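Here the structure is laid out as structure tokens; the discussion comes afterwards.
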Amino acid sequence: MILAERVTKRFGRNTAVREASLTLGAGESVALWGANGAGKTTLIRCVLGLIRFRGRITIGGHDVLRRGKAARLLIGYVPQEIGFHDELGVREAVRHFSRLKGLAPRGAEEALDRVGLSDHASKRVRELSGGMKQRLALAIALLGDPPVLVLDEVTASLDAVGRGEFVALLKRLSGAGRTMLFASHRIDEIGVLAERVAALDKGRLTSVMPCREFLAGLGAGEVLHLALPAPLRERARSALMGAGFDARLNGVGLLVPVTTGRKAAPFRVLAEANIPVDDFEVVGVAARAEEHT
């Protein structure tokens with residue numbers, strides 16, 4: 001359904017994506033993984049045909065640069081940053097985009113029902129929680145029932161409850177046979193949603209592997225997800241690597257695989273290096289790996 005061949009995108013002297021090739025079959029879900037600046041969002045914009053690039057990308061056989069309109073008709077897109085007019089009504093917002101797509105008005109009601117917003121259709125956008133706004137964006141993306149969903153870090157601004165509900169909704173939608181390409185820095189989301197993981201590092205597609213292999217590669221026990229100030233992440237990674245931990249950068253901090261008896265050890269290493277930890281969570285990897293076997 002999605003075919004990317006040797007995609008390269010440069011911004012001046014900076015190469016954001018370099019010779020990336022990736023194929024998604026119909027109904028397949030693939031996660032783009034990598035630290036900030038790895039090239040995830042740029043590659044997504046190339047897939048959408050929003051920016052010029054070298055190489056070739058097709059959606060359902062349509063070249064996104066030569067036949068962009070036909071390609072985009074097959075795609076529902078949810079960006080990381082969502083902008084709606086606060087005074088706009090929820091139903092009105094969906095109907096507006098439905099008209100722009102040349103669809104029948106009843107499609108708006110169906111889209112709201114699909115994402116569980118039917119009971120909130122008469123509200124103003126300003127009355128919605130962050131999670132509901134993301135559902136509204138998803139409802140708009142689903143107008144016309146596109147076979148492809150493309151999502152860019154769509155849960156980054158949500159709290160734990162909103163994130164869990166949104167991921168569960170996406171899981172149901174992906175189970176309906178849609179092809180899904182999404183960027184995420186959260187291994188719990190990837191564990192639930194992805195069949196394969198495409199890892200990017202400094203614009204290069206370094207690996208594409210089944211999700212169970214990706215999760216298993218993070219460690220057989222559990223993983224600490226440490227949120228750290230951006231200027232300190234590289235120093236923290238070096239300190240943890242020096243102490244024997246396989247620390248990896250992601251979008252907001254570090255992922256540190258740990259065994260059952262060593263969960264506190266990374267905190268001691270960082271404390272000794274005078275590196276503060278803003279927040280953390282423990283993600284169980286082994287159980288999720290088993291879900292994908």
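Numbering starts fresh at 1 for the residues of each chain in the structure tokens, the chains themselves are lettered A, B, ... in the order given, and ligands are numbered from 1 as they appear.
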### Distance query Leu88 of chain A at most 8 Å, only C-alpha atoms, self and fewer than 3 positions along chain excluded, as a PyMOL selection string
chain A and resi 84-85+92-93+124-125
### Task
Show which residues sit within 8 Å of Val47 of chain A, as a PyMOL selection string. Count only C-alpha atoms, and ignore same-chain residues fewer than 5 positions away.
chain A and resi 4+57-58+64
### Message
Set the distance at 10 Å and use only C-alpha atoms: which residues neighbour Glu127 of chain A once local chain neighbours fewer than 4 positions away are removed? I'd like the list as a PyMOL selection string.
### Response
chain A and resi 86-87+89-90+120+123+132-133
### Task
Might you pull out every residue within 12 Å of Phe280 of chain A, with only C-alpha atoms counted and same-chain residues fewer than 5 positions away left off, and present them as a PyMOL selection string?
chain A and resi 223-228+252-256+263-264+266-267
Could you give me, as CSV, a per-residue list for segment 178-265 of chain A showing, wherever an atom lies at most 9 Å from an atom of segment 16-26 of chain A, the closest pair of atoms and their distance in Å to one decimal, using only C-alpha atoms and sorting by chain then residue number from low to high?
```
residue,atom,partner,partner_atom,distance
A:Arg178,CA,A:Ala26,CA,7.0
A:Thr179,CA,A:Ala26,CA,5.5
A:Met180,CA,A:Leu24,CA,8.4
A:Leu181,CA,A:Leu24,CA,8.1
A:Ala198,CA,A:Leu22,CA,8.1
A:Leu200,CA,A:Val17,CA,8.8
A:Lys202,CA,A:Ala16,CA,7.0
A:Gly203,CA,A:Val17,CA,4.0
A:Arg204,CA,A:Arg18,CA,5.3
A:Leu205,CA,A:Ala20,CA,5.5
A:Thr206,CA,A:Ala20,CA,8.9
A:Val208,CA,A:Leu22,CA,8.2
```
#### Entry: All helix (DSSP H, G or I) positions in segment 43-290 of chain A, as a PyMOL selection string
chain A and resi 43-47+68-72+90-100+106-114+118-120+125-127+130-141+160-174+187-193+211-217+230-242+260-262+265-272+286-290
### Expected answer as an MDAnalysis selection string: strand (DSSP E or B) residues in segment 12-135 of chain A
chainID A and resid 14:24 29:33 54:59 62:63 75:78 89 124
### Message
If I take atom CA of Gly217 of chain A and atom CA of Pro257 of chain A, how far is one from the other in Å, to one decimal?
### Response
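Atom-to-atom, atom CA of Gly217 of chain A to atom CA of Pro257 of chain A, that is 9.3 Å.
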### Selected residue, from A:Val7, A:Ala243, A:Leu143, A:Ile187, that lies nearest to Val283 of chain A when counting only C-alpha atoms
A:Ile187
### Message
Could you check the closest approach to Arg248 of chain A for each of A:Gly27, A:Gly68, A:Gly34, A:Pro105 and tell me which residue wins, using only C-alpha atoms?
### Response
A:Gly34
### Ala271 of chain A environment, 12 Å, only C-alpha atoms, sequence neighbours closer than 5 positions dropped, as JSON, numbers by chain
{"A": [236, 239, 240, 264, 265, 266, 276, 277]}
### Query
Suppose you want the space between atom CA of Val167 of chain A and atom CA of Phe97 of chain A; what is it in Å?
23.6 Å
#### Entry: 9 Å contact set for segment 71-76 of chain A, only C-alpha atoms, chain neighbours under 6 positions out, as a count of residues only
24
### Query
So how many Å separate atom CA of Val154 of chain A and atom CA of Ser129 of chain A, to one decimal?
14.2 Å
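Across A:Leu270, A:Ala35, A:Leu232, A:Leu173, the tightest approach to Phe245 of chain A is made by A:Leu270 when counting only C-alpha atoms.
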### Message
My list of candidates is A:Ser122, A:Leu136, A:Arg91, A:Cys211. Which is closest to Ala199 of chain A when distances are computed with only C-alpha atoms?
### Response
A:Cys211
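Using only C-alpha atoms, the shortest contact distance between Thr155 of chain A and any of A:Glu81, A:Glu234, A:Asp278, A:Glu195 is found at A:Glu81.
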